[in-house]
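The next block is protein.txt, given as compact mmCIF, C-alpha atoms and all ligand atoms.
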# COMPACT_ATOMS: atom_id res chain seq x y z
CA MET A 1 -0.42 -70.19 -38.57
CA ALA A 2 1.16 -71.12 -35.25
CA SER A 3 4.94 -71.28 -35.15
CA LEU A 4 6.66 -74.55 -35.93
CA VAL A 5 9.99 -76.27 -36.30
CA MET A 6 11.41 -77.35 -39.66
CA GLY A 7 13.71 -80.35 -39.17
CA VAL A 8 16.72 -80.77 -41.46
CA VAL A 9 17.64 -83.86 -43.47
CA ASN A 10 20.72 -83.28 -45.60
CA VAL A 11 21.17 -86.18 -48.03
CA THR A 12 24.70 -85.03 -48.76
CA PRO A 13 28.22 -86.24 -48.12
CA ASP A 14 29.50 -82.77 -47.21
CA SER A 15 27.04 -80.54 -45.29
CA PHE A 16 28.81 -78.79 -42.42
CA SER A 17 26.28 -79.84 -39.81
CA ASP A 18 25.40 -83.45 -40.61
CA GLY A 19 27.23 -84.22 -43.87
CA GLY A 20 27.59 -87.94 -44.55
CA ARG A 21 25.31 -89.03 -41.71
CA PHE A 22 22.25 -89.48 -43.92
CA SER A 23 23.73 -89.98 -47.35
CA SER A 24 21.88 -93.28 -47.89
CA PRO A 25 18.17 -92.96 -48.67
CA GLY A 26 17.22 -95.44 -45.94
CA GLY A 27 19.13 -93.53 -43.26
CA ALA A 28 17.72 -90.21 -44.44
CA VAL A 29 14.14 -91.50 -44.44
CA ALA A 30 14.53 -92.96 -40.95
CA HIS A 31 15.97 -89.66 -39.73
CA GLY A 32 13.13 -87.67 -41.35
CA ARG A 33 10.54 -89.91 -39.71
CA TRP A 34 12.24 -89.46 -36.37
CA LEU A 35 12.28 -85.66 -36.78
CA ALA A 36 8.56 -85.65 -37.60
CA ALA A 37 7.80 -87.93 -34.64
CA SER A 38 9.85 -85.54 -32.47
CA GLY A 39 7.59 -82.63 -33.38
CA ALA A 40 8.93 -81.14 -36.63
CA GLY A 41 5.97 -79.68 -38.54
CA ILE A 42 8.03 -79.68 -41.74
CA VAL A 43 10.94 -81.89 -42.77
CA ASP A 44 13.37 -80.11 -45.10
CA VAL A 45 15.16 -82.43 -47.51
CA GLY A 46 18.27 -81.20 -49.34
CA GLY A 47 20.73 -82.88 -51.69
CA GLU A 48 23.23 -80.08 -52.25
CA SER A 49 25.37 -78.64 -49.51
CA THR A 50 25.35 -74.83 -49.45
CA ARG A 51 27.98 -74.54 -46.74
CA PRO A 52 30.67 -71.93 -47.41
CA GLY A 53 33.12 -73.25 -49.98
CA ALA A 54 30.85 -76.08 -51.19
CA GLU A 55 31.08 -77.12 -54.83
CA PRO A 56 27.81 -77.14 -56.80
CA VAL A 57 26.09 -80.48 -57.47
CA GLU A 58 24.59 -81.50 -60.85
CA ALA A 59 20.79 -81.56 -60.81
CA ALA A 60 20.75 -85.26 -61.81
CA GLU A 61 22.90 -86.22 -58.82
CA GLU A 62 20.84 -84.04 -56.49
CA LEU A 63 17.64 -85.64 -57.78
CA ALA A 64 18.97 -89.14 -57.21
CA ARG A 65 19.76 -88.20 -53.62
CA VAL A 66 16.52 -86.50 -52.65
CA LEU A 67 13.67 -88.07 -54.60
CA PRO A 68 13.45 -91.43 -52.77
CA VAL A 69 13.57 -89.55 -49.47
CA VAL A 70 10.90 -86.99 -50.43
CA SER A 71 8.58 -89.74 -51.77
CA ALA A 72 8.89 -91.94 -48.70
CA LEU A 73 8.37 -89.13 -46.18
CA ALA A 74 5.48 -87.59 -48.13
CA ALA A 75 3.83 -91.03 -48.41
CA ASP A 76 3.87 -91.16 -44.60
CA GLY A 77 1.87 -87.93 -44.51
CA ILE A 78 4.83 -85.80 -43.39
CA ARG A 79 4.94 -82.22 -44.69
CA VAL A 80 8.12 -82.09 -46.78
CA SER A 81 10.02 -79.11 -48.14
CA ILE A 82 12.64 -79.45 -50.83
CA ASP A 83 15.79 -77.39 -50.26
CA THR A 84 17.18 -76.72 -53.72
CA ARG A 85 18.45 -74.09 -56.15
CA HIS A 86 17.52 -76.15 -59.21
CA ALA A 87 14.08 -75.74 -60.79
CA GLU A 88 14.06 -79.29 -62.18
CA VAL A 89 14.78 -80.72 -58.72
CA ALA A 90 12.01 -78.60 -57.21
CA GLU A 91 9.61 -79.70 -59.94
CA ALA A 92 10.33 -83.41 -59.46
CA ALA A 93 10.18 -83.10 -55.69
CA VAL A 94 6.77 -81.43 -55.66
CA ALA A 95 5.55 -84.11 -58.09
CA ALA A 96 6.83 -86.68 -55.56
CA GLY A 97 4.88 -85.06 -52.72
CA ALA A 98 6.90 -82.10 -51.36
CA THR A 99 4.57 -79.18 -50.59
CA ILE A 100 7.12 -76.41 -50.00
CA VAL A 101 10.00 -75.19 -52.18
CA ASN A 102 12.81 -73.89 -49.94
CA ASP A 103 14.91 -71.73 -52.25
CA VAL A 104 18.16 -70.30 -50.89
CA SER A 105 18.56 -68.36 -54.16
CA ALA A 106 15.10 -66.66 -54.16
CA ALA A 107 14.95 -67.19 -57.93
CA GLU A 108 11.96 -66.37 -60.10
CA GLU A 109 12.21 -69.80 -61.78
CA LEU A 110 11.67 -71.63 -58.49
CA MET A 111 8.82 -69.33 -57.48
CA ALA A 112 7.14 -70.33 -60.73
CA VAL A 113 7.55 -74.03 -59.94
CA ALA A 114 6.03 -73.57 -56.48
CA ALA A 115 3.14 -71.50 -57.85
CA ALA A 116 2.34 -74.01 -60.60
CA ALA A 117 2.31 -76.88 -58.09
CA GLY A 118 0.22 -75.02 -55.50
CA ALA A 119 3.15 -75.39 -53.09
CA GLY A 120 4.49 -73.03 -50.44
CA TYR A 121 7.67 -71.07 -51.11
CA VAL A 122 10.58 -69.86 -48.97
CA ALA A 123 12.53 -66.89 -50.38
CA MET A 124 15.93 -66.66 -48.68
CA HIS A 125 18.46 -63.85 -48.98
CA ALA A 126 22.03 -64.75 -49.92
CA GLN A 127 24.91 -62.57 -51.02
CA GLY A 128 27.04 -64.39 -53.59
CA ASP A 129 27.50 -68.06 -54.31
CA PRO A 130 28.23 -70.69 -51.61
CA ARG A 131 31.73 -71.20 -53.05
CA THR A 132 32.78 -67.64 -52.37
CA MET A 133 30.08 -66.01 -50.23
CA GLN A 134 32.07 -65.89 -46.99
CA ALA A 135 35.21 -64.47 -48.61
CA ASP A 136 34.47 -60.81 -47.86
CA PRO A 137 30.76 -60.06 -47.45
CA ARG A 138 29.99 -56.35 -47.40
CA TYR A 139 26.88 -54.21 -46.98
CA ASP A 140 26.35 -50.50 -46.42
CA ASP A 141 23.29 -51.30 -44.32
CA VAL A 142 22.81 -55.03 -43.89
CA VAL A 143 19.36 -54.84 -42.29
CA GLY A 144 18.01 -52.33 -44.81
CA GLU A 145 19.40 -54.22 -47.79
CA VAL A 146 18.27 -57.69 -46.67
CA HIS A 147 14.81 -56.51 -45.59
CA GLY A 148 14.41 -54.58 -48.83
CA PHE A 149 15.38 -57.63 -50.88
CA LEU A 150 12.95 -59.85 -48.94
CA ALA A 151 10.08 -57.40 -49.29
CA VAL A 152 10.49 -57.51 -53.07
CA ALA A 153 11.01 -61.31 -53.22
CA GLY A 154 8.05 -62.02 -50.92
CA ALA A 155 5.75 -59.73 -52.91
CA ARG A 156 6.93 -61.24 -56.18
CA ALA A 157 6.32 -64.80 -54.97
CA ARG A 158 2.78 -63.86 -54.00
CA GLN A 159 2.27 -62.06 -57.29
CA VAL A 160 3.26 -65.12 -59.34
CA GLY A 161 0.75 -67.17 -57.35
CA CYS A 162 2.58 -68.89 -54.50
CA ARG A 163 0.03 -70.02 -51.96
CA GLU A 164 2.09 -69.70 -48.83
CA VAL A 165 5.22 -67.56 -48.69
CA TRP A 166 7.94 -67.18 -46.07
CA VAL A 167 10.94 -64.85 -46.15
CA ASP A 168 14.29 -65.76 -44.60
CA PRO A 169 17.25 -63.42 -43.89
CA GLY A 170 19.69 -66.23 -44.77
CA ILE A 171 21.87 -66.38 -41.69
CA GLY A 172 25.45 -67.24 -42.73
CA PHE A 173 24.87 -66.80 -46.46
CA GLY A 174 27.35 -64.07 -47.36
CA LYS A 175 27.34 -62.56 -43.86
CA THR A 176 29.88 -61.90 -41.14
CA VAL A 177 29.18 -62.59 -37.45
CA GLU A 178 28.21 -58.91 -37.08
CA HIS A 179 25.85 -59.08 -40.07
CA ASN A 180 24.16 -62.19 -38.64
CA LEU A 181 23.73 -60.54 -35.23
CA ALA A 182 22.31 -57.37 -36.77
CA LEU A 183 19.79 -59.43 -38.75
CA LEU A 184 18.79 -61.47 -35.70
CA ALA A 185 18.38 -58.29 -33.65
CA ALA A 186 16.14 -56.90 -36.40
CA LEU A 187 13.81 -59.93 -36.56
CA PRO A 188 10.92 -58.00 -34.95
CA GLU A 189 11.04 -55.50 -37.83
CA LEU A 190 11.14 -58.25 -40.43
CA VAL A 191 8.12 -59.92 -38.79
CA GLU A 192 6.30 -56.57 -38.84
CA GLY A 193 6.71 -56.53 -42.63
CA GLY A 194 3.74 -58.91 -42.75
CA VAL A 195 5.18 -61.86 -44.69
CA PRO A 196 5.73 -64.87 -42.40
CA VAL A 197 9.40 -65.28 -41.49
CA LEU A 198 11.61 -68.38 -41.42
CA VAL A 199 15.04 -68.44 -39.78
CA GLY A 200 17.83 -71.00 -39.91
CA ALA A 201 20.75 -70.46 -37.54
CA SER A 202 21.08 -74.02 -36.25
CA ARG A 203 24.71 -75.10 -35.64
CA LYS A 204 26.06 -72.38 -37.95
CA GLY A 205 29.63 -71.12 -37.87
CA PHE A 206 28.91 -67.75 -36.23
CA LEU A 207 27.60 -69.63 -33.17
CA GLY A 208 30.96 -71.36 -32.91
CA ARG A 209 32.71 -67.99 -33.11
CA LEU A 210 30.43 -66.49 -30.46
CA THR A 211 30.93 -69.39 -28.06
CA GLY A 212 34.71 -69.36 -28.07
CA GLY A 213 35.20 -71.89 -30.84
CA ALA A 214 32.59 -74.58 -30.08
CA PRO A 215 32.74 -77.24 -32.81
CA VAL A 216 29.60 -77.99 -34.78
CA GLU A 217 28.52 -80.81 -32.44
CA ASP A 218 28.70 -78.47 -29.43
CA ARG A 219 26.41 -75.73 -30.69
CA LEU A 220 23.11 -77.07 -29.36
CA GLU A 221 22.65 -74.51 -26.57
CA ALA A 222 23.55 -71.59 -28.81
CA SER A 223 21.21 -72.89 -31.53
CA VAL A 224 18.33 -73.24 -29.08
CA ALA A 225 19.02 -69.78 -27.68
CA VAL A 226 18.67 -68.26 -31.16
CA ALA A 227 15.54 -70.33 -31.85
CA THR A 228 13.99 -69.09 -28.60
CA TRP A 229 14.74 -65.49 -29.55
CA ALA A 230 13.31 -66.05 -33.03
CA PHE A 231 10.05 -67.55 -31.73
CA HIS A 232 9.80 -64.73 -29.19
CA CYS A 233 10.05 -62.24 -32.07
CA GLY A 234 7.14 -63.91 -33.87
CA VAL A 235 9.10 -65.93 -36.41
CA GLU A 236 6.81 -68.59 -37.83
CA VAL A 237 9.30 -71.32 -38.77
CA VAL A 238 12.68 -72.13 -37.26
CA ARG A 239 14.87 -74.51 -39.28
CA ALA A 240 16.74 -76.80 -36.90
CA HIS A 241 18.79 -79.97 -36.67
CA ASP A 242 17.98 -80.53 -32.99
CA VAL A 243 14.23 -80.84 -33.23
CA VAL A 244 13.42 -82.19 -29.76
CA GLU A 245 15.18 -79.29 -28.04
CA THR A 246 13.88 -76.67 -30.49
CA VAL A 247 10.29 -77.85 -30.00
CA GLN A 248 10.83 -77.43 -26.25
CA ALA A 249 12.01 -73.87 -26.90
CA LEU A 250 8.91 -73.23 -29.00
CA ARG A 251 6.59 -74.55 -26.30
CA LEU A 252 8.24 -72.49 -23.61
CA THR A 253 8.22 -69.38 -25.77
CA ALA A 254 4.54 -69.87 -26.46
CA LEU A 255 4.05 -70.44 -22.71
CA GLU A 256 2.40 -73.76 -23.40
CA ALA A 257 2.58 -76.34 -20.62
CA ALA A 258 4.85 -79.14 -21.81
N1 LIG A 301 20.60 -72.96 -44.27
C1 LIG A 301 21.14 -74.01 -44.87
C2 LIG A 301 20.46 -74.70 -45.89
N2 LIG A 301 19.22 -74.34 -46.26
N3 LIG A 301 17.38 -72.90 -46.04
C3 LIG A 301 16.80 -71.84 -45.46
N4 LIG A 301 15.58 -71.45 -45.85
N5 LIG A 301 17.44 -71.12 -44.49
C4 LIG A 301 18.68 -71.43 -44.05
O1 LIG A 301 19.21 -70.73 -43.17
C5 LIG A 301 19.34 -72.56 -44.65
C6 LIG A 301 18.64 -73.27 -45.67
C7 LIG A 301 22.52 -74.45 -44.49
O2 LIG A 301 22.51 -75.26 -43.35
P1 LIG A 301 22.62 -76.88 -43.38
O3 LIG A 301 23.92 -77.22 -44.06
O4 LIG A 301 22.56 -77.28 -41.97
O5 LIG A 301 21.46 -77.43 -44.14
This structure in structure tokens:
Amino acid sequence: MASLVMGVVNVTPDSFSDGGRFSSPGGAVAHGRWLAASGAGIVDVGGESTRPGAEPVEAAEELARVLPVVSALAADGIRVSIDTRHAEVAEAAVAAGATIVNDVSAAEELMAVAAAAGAGYVAMHAQGDPRTMQADPRYDDVVGEVHGFLAVAGARARQVGCREVWVDPGIGFGKTVEHNLALLAALPELVEGGVPVLVGASRKGFLGRLTGGAPVEDRLEASVAVATWAFHCGVEVVRAHDVVETVQALRLTALEAA
């Protein structure tokens, strides 16, 4: 599969990057349509913020947030992924037309939902829970441990019958700036592992730290720089908020004439 951009629609009041902007279904649907029209090959819909320090959301509340959005976008023929840690949310979303389960917890339960529905599956690495994951993340060998975890999770997802599988190093999920940079530097090795790779670094905190404190709304250039690097390394899907600019990065990386 050629590389593509996954556009983000957070139907949440509190996501770090766009929290509160699309918390009504109508606004979220309009934004998802715009992302697809701007070149996103997948629109990722989430109803629970996983930013550092975020409180968990009940599955019923998450469902109420995401289902109308998933249904409307899928009915338009847009490829929708559901970003959730709850199996019942994943199940309802695939029944409503989502065709990818994006699981930041890489849990067996969610793999099973994706496999049963004939949906694709993203297995992401995280250390710890969003509430506490950035408190003091530690690894002996971050690249070895994350790649090892993803090799097992990717193989397991295929074994339980997931049709399409991606692995994701989980930038910012229980990782320091140095951990994130080591994982980004090691993307070529992860790609060589043979399971398609997805990366999401868009607007994340480490980009603020690396750019002298740029606030979340000023991280476009840094986000596109990481996306360009990721595509250059052979990453198949880049998760991004700024779809127009990230699609440009993809085209340039693929040396396609715009
Ligand atoms: N990051 C966030 C949420 N979901 N899913 C995947 N697969 N990879 C990520 O890096 C990822 C994710 C957090 O970012 P957001 O608050 O902008 O959605």
> Which protein, DNA or RNA residues have an atom within 6 Å of ligand LIG 301 (chain A), counting only C-alpha atoms and all ligand atoms, as number ranges by chain?
Replying inline: A: 15-17, 49-51, 102, 104, 124, 168, 170-171, 199-201
>> Give me, as a list in words, all polymer residues having an atom no more than 9 Å from Leu110 (chain A), counting only C-alpha atoms and skipping those fewer than 2 positions away in the same chain.
In response: Thr84, Arg85, His86, Ala87, Glu88, Ala90, Glu91, Val101, Asn102, Asp103, Ser105, Ala106, Ala107, Glu108, Ala112, Val113, Ala114, Ala115 and Tyr121 of chain A
>> So that I can check the surroundings of Met6 (chain A), please list as a list in words every protein, DNA and RNA residue that reaches within 6 Å of it, counting all atoms listed in the file and ignoring chain neighbours fewer than 2 positions away.
In response: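 Once the adjacent positions are removed, what remains is Ala40, Ile42, Val43, Val238 and Arg239 of chain A.
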>> Restricting the calculation to all atoms listed in the file: of A:Asp76, A:Glu48, A:Glu236, A:Asp140, which residue gets closest to Ala30 (chain A)?
In response: A:Asp76
>> Excluding Gly234 (chain A) and its own-chain neighbours fewer than 4 positions away, which residues fall within 10 Å of it when counting only C-alpha atoms? Please give them as a ChimeraX atom specification.
In response: /A:2-3,187-188,190-192,196-198,229-230,253-254
> Which residues, written as an MDAnalysis selection string, have at least one atom at most 12 Å from Val9 (chain A), with all atoms listed in the file counted and residues fewer than 6 positions away on the same chain left out?
Replying inline: chainID A and resid 15 17:36 40 42:49 65:66 69:70 73 80:83 239:243
Tell me which protein, DNA and RNA residues are within 12 Å of Arg251 (chain A), counting only C-alpha atoms, leaving out same-chain ones fewer than 5 positions away, and put them as an mmCIF file with C-alpha atoms, in the coordinates of the input.
data_model
loop_
_atom_site.group_PDB
_atom_site.id
_atom_site.type_symbol
_atom_site.label_atom_id
_atom_site.label_comp_id
_atom_site.auth_asym_id
_atom_site.auth_seq_id
_atom_site.Cartn_x
_atom_site.Cartn_y
_atom_site.Cartn_z
ATOM 1 C CA ALA A 2 1.160 -71.120 -35.250
ATOM 2 C CA SER A 3 4.940 -71.280 -35.150
ATOM 3 C CA LEU A 4 6.660 -74.550 -35.930
ATOM 4 C CA VAL A 5 9.990 -76.270 -36.300
ATOM 5 C CA GLY A 39 7.590 -82.630 -33.380
ATOM 6 C CA ALA A 227 15.540 -70.330 -31.850
ATOM 7 C CA THR A 228 13.990 -69.090 -28.600
ATOM 8 C CA PHE A 231 10.050 -67.550 -31.730
ATOM 9 C CA HIS A 232 9.800 -64.730 -29.190
ATOM 10 C CA VAL A 244 13.420 -82.190 -29.760
ATOM 11 C CA GLU A 245 15.180 -79.290 -28.040
ATOM 12 C CA THR A 246 13.880 -76.670 -30.490
ATOM 13 C CA GLU A 256 2.400 -73.760 -23.400
ATOM 14 C CA ALA A 257 2.580 -76.340 -20.620
ATOM 15 C CA ALA A 258 4.850 -79.140 -21.810
#
> How many Å lie between CA of Asp141 (chain A) and CA of Gly172 (chain A), rounded to one decimal?
Replying inline: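 A separation of 16.2 Å between them.
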>> Please compute the CA of Glu109 (chain A)-CA of Pro130 (chain A) distance, one decimal, in Å.
In response: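 Distance reported for this atom pair: 19.0 Å.
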> What separation in Å, quoted to one decimal, exists between CA of Ala96 (chain A) and CA of Val152 (chain A)?
Replying inline: 29.5 Å
> Quick one: of A:Ala157, A:Ala222, A:Ala37, A:Val235, who's nearest to Met111 (chain A), counting all atoms listed in the file?
Replying inline: A:Ala157
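With all atoms listed in the file as the atoms that count, the residue of A:Pro137, A:Gly174, A:Gly161, A:Gly212 with the shortest distance to Ala119 (chain A) is A:Gly161.
Of the listed residues A:Val142, A:Val160, A:Val89, A:Met133, the one whose atoms come nearest to Pro52 (chain A) is A:Met133, with distances taken using all atoms listed in the file.
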>> So, with all atoms listed in the file as the atoms that count, which of A:Ala151, A:Val237, A:Val224, A:Leu255 lies closest to Gly193 (chain A)?
In response: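 Checking each of A:Ala151, A:Val237, A:Val224, A:Leu255 against Gly193 (chain A), counting all atoms listed in the file, the winner is A:Ala151.
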Incomplete region 27-38 of chain A brought to all heavy atoms, written out as a PDB file, keeping the file's coordinate frame:
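And here is the file that came out, rebuild-v3.pdb:
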ATOM      1  N   GLY A  27      18.755 -94.264 -44.468  1.00  0.00           N
ATOM      2  CA  GLY A  27      19.130 -93.530 -43.260  1.00  0.00           C
ATOM      3  C   GLY A  27      18.450 -92.174 -43.220  1.00  0.00           C
ATOM      4  O   GLY A  27      17.986 -91.721 -42.166  1.00  0.00           O
ATOM      5  N   ALA A  28      18.348 -91.534 -44.372  1.00  0.00           N
ATOM      6  CA  ALA A  28      17.720 -90.210 -44.440  1.00  0.00           C
ATOM      7  C   ALA A  28      16.223 -90.313 -44.155  1.00  0.00           C
ATOM      8  O   ALA A  28      15.657 -89.474 -43.442  1.00  0.00           O
ATOM      9  CB  ALA A  28      17.960 -89.594 -45.815  1.00  0.00           C
ATOM     10  N   VAL A  29      15.580 -91.338 -44.681  1.00  0.00           N
ATOM     11  CA  VAL A  29      14.140 -91.500 -44.440  1.00  0.00           C
ATOM     12  C   VAL A  29      13.893 -91.765 -42.957  1.00  0.00           C
ATOM     13  O   VAL A  29      13.002 -91.158 -42.342  1.00  0.00           O
ATOM     14  CB  VAL A  29      13.560 -92.654 -45.315  1.00  0.00           C
ATOM     15  CG1 VAL A  29      12.128 -92.979 -44.902  1.00  0.00           C
ATOM     16  CG2 VAL A  29      13.633 -92.293 -46.798  1.00  0.00           C
ATOM     17  N   ALA A  30      14.698 -92.647 -42.377  1.00  0.00           N
ATOM     18  CA  ALA A  30      14.530 -92.960 -40.950  1.00  0.00           C
ATOM     19  C   ALA A  30      14.722 -91.692 -40.118  1.00  0.00           C
ATOM     20  O   ALA A  30      13.967 -91.426 -39.177  1.00  0.00           O
ATOM     21  CB  ALA A  30      15.521 -94.037 -40.540  1.00  0.00           C
ATOM     22  N   HIS A  31      15.718 -90.894 -40.493  1.00  0.00           N
ATOM     23  CA  HIS A  31      15.970 -89.660 -39.730  1.00  0.00           C
ATOM     24  C   HIS A  31      14.791 -88.686 -39.892  1.00  0.00           C
ATOM     25  O   HIS A  31      14.346 -88.079 -38.912  1.00  0.00           O
ATOM     26  CB  HIS A  31      17.270 -89.021 -40.205  1.00  0.00           C
ATOM     27  CG  HIS A  31      17.671 -87.866 -39.349  1.00  0.00           C
ATOM     28  ND1 HIS A  31      17.938 -87.990 -37.998  1.00  0.00           N
ATOM     29  CD2 HIS A  31      17.819 -86.546 -39.637  1.00  0.00           C
ATOM     30  CE1 HIS A  31      18.238 -86.801 -37.498  1.00  0.00           C
ATOM     31  NE2 HIS A  31      18.177 -85.914 -38.471  1.00  0.00           N
ATOM     32  N   GLY A  32      14.279 -88.558 -41.112  1.00  0.00           N
ATOM     33  CA  GLY A  32      13.130 -87.670 -41.350  1.00  0.00           C
ATOM     34  C   GLY A  32      11.910 -88.100 -40.549  1.00  0.00           C
ATOM     35  O   GLY A  32      11.196 -87.272 -39.981  1.00  0.00           O
ATOM     36  N   ARG A  33      11.675 -89.399 -40.496  1.00  0.00           N
ATOM     37  CA  ARG A  33      10.540 -89.910 -39.710  1.00  0.00           C
ATOM     38  C   ARG A  33      10.727 -89.588 -38.231  1.00  0.00           C
ATOM     39  O   ARG A  33       9.800 -89.200 -37.537  1.00  0.00           O
ATOM     40  CB  ARG A  33      10.423 -91.433 -39.873  1.00  0.00           C
ATOM     41  CG  ARG A  33       9.878 -91.810 -41.229  1.00  0.00           C
ATOM     42  CD  ARG A  33       9.705 -93.332 -41.342  1.00  0.00           C
ATOM     43  NE  ARG A  33       9.111 -93.640 -42.620  1.00  0.00           N
ATOM     44  CZ  ARG A  33       9.481 -94.650 -43.408  1.00  0.00           C
ATOM     45  NH1 ARG A  33      10.455 -95.476 -43.022  1.00  0.00           N
ATOM     46  NH2 ARG A  33       8.883 -94.844 -44.559  1.00  0.00           N
ATOM     47  N   TRP A  34      11.961 -89.740 -37.785  1.00  0.00           N
ATOM     48  CA  TRP A  34      12.240 -89.460 -36.370  1.00  0.00           C
ATOM     49  C   TRP A  34      12.038 -87.971 -36.070  1.00  0.00           C
ATOM     50  O   TRP A  34      11.467 -87.593 -35.045  1.00  0.00           O
ATOM     51  CB  TRP A  34      13.665 -89.913 -36.028  1.00  0.00           C
ATOM     52  CG  TRP A  34      13.974 -89.713 -34.585  1.00  0.00           C
ATOM     53  CD1 TRP A  34      13.531 -90.467 -33.541  1.00  0.00           C
ATOM     54  CD2 TRP A  34      14.755 -88.660 -34.025  1.00  0.00           C
ATOM     55  NE1 TRP A  34      13.997 -89.948 -32.354  1.00  0.00           N
ATOM     56  CE2 TRP A  34      14.746 -88.842 -32.618  1.00  0.00           C
ATOM     57  CE3 TRP A  34      15.470 -87.579 -34.560  1.00  0.00           C
ATOM     58  CZ2 TRP A  34      15.424 -87.986 -31.756  1.00  0.00           C
ATOM     59  CZ3 TRP A  34      16.139 -86.720 -33.690  1.00  0.00           C
ATOM     60  CH2 TRP A  34      16.115 -86.929 -32.307  1.00  0.00           C
ATOM     61  N   LEU A  35      12.468 -87.105 -36.983  1.00  0.00           N
ATOM     62  CA  LEU A  35      12.280 -85.660 -36.780  1.00  0.00           C
ATOM     63  C   LEU A  35      10.793 -85.323 -36.704  1.00  0.00           C
ATOM     64  O   LEU A  35      10.358 -84.547 -35.845  1.00  0.00           O
ATOM     65  CB  LEU A  35      12.934 -84.865 -37.907  1.00  0.00           C
ATOM     66  CG  LEU A  35      14.462 -84.928 -38.006  1.00  0.00           C
ATOM     67  CD1 LEU A  35      14.944 -84.092 -39.194  1.00  0.00           C
ATOM     68  CD2 LEU A  35      15.124 -84.447 -36.723  1.00  0.00           C
ATOM     69  N   ALA A  36      10.001 -85.931 -37.609  1.00  0.00           N
ATOM     70  CA  ALA A  36       8.560 -85.650 -37.600  1.00  0.00           C
ATOM     71  C   ALA A  36       7.936 -86.167 -36.296  1.00  0.00           C
ATOM     72  O   ALA A  36       7.129 -85.472 -35.662  1.00  0.00           O
ATOM     73  CB  ALA A  36       7.895 -86.295 -38.815  1.00  0.00           C
ATOM     74  N   ALA A  37       8.346 -87.366 -35.883  1.00  0.00           N
ATOM     75  CA  ALA A  37       7.800 -87.930 -34.640  1.00  0.00           C
ATOM     76  C   ALA A  37       8.229 -87.093 -33.429  1.00  0.00           C
ATOM     77  O   ALA A  37       7.556 -87.074 -32.400  1.00  0.00           O
ATOM     78  CB  ALA A  37       8.287 -89.369 -34.472  1.00  0.00           C
ATOM     79  N   SER A  38       9.346 -86.371 -33.569  1.00  0.00           N
ATOM     80  CA  SER A  38       9.850 -85.540 -32.470  1.00  0.00           C
ATOM     81  C   SER A  38       9.208 -84.152 -32.460  1.00  0.00           C
ATOM     82  O   SER A  38       9.563 -83.313 -31.633  1.00  0.00           O
ATOM     83  CB  SER A  38      11.371 -85.368 -32.597  1.00  0.00           C
ATOM     84  OG  SER A  38      12.008 -86.607 -32.616  1.00  0.00           O
TER      85      SER A  38
END
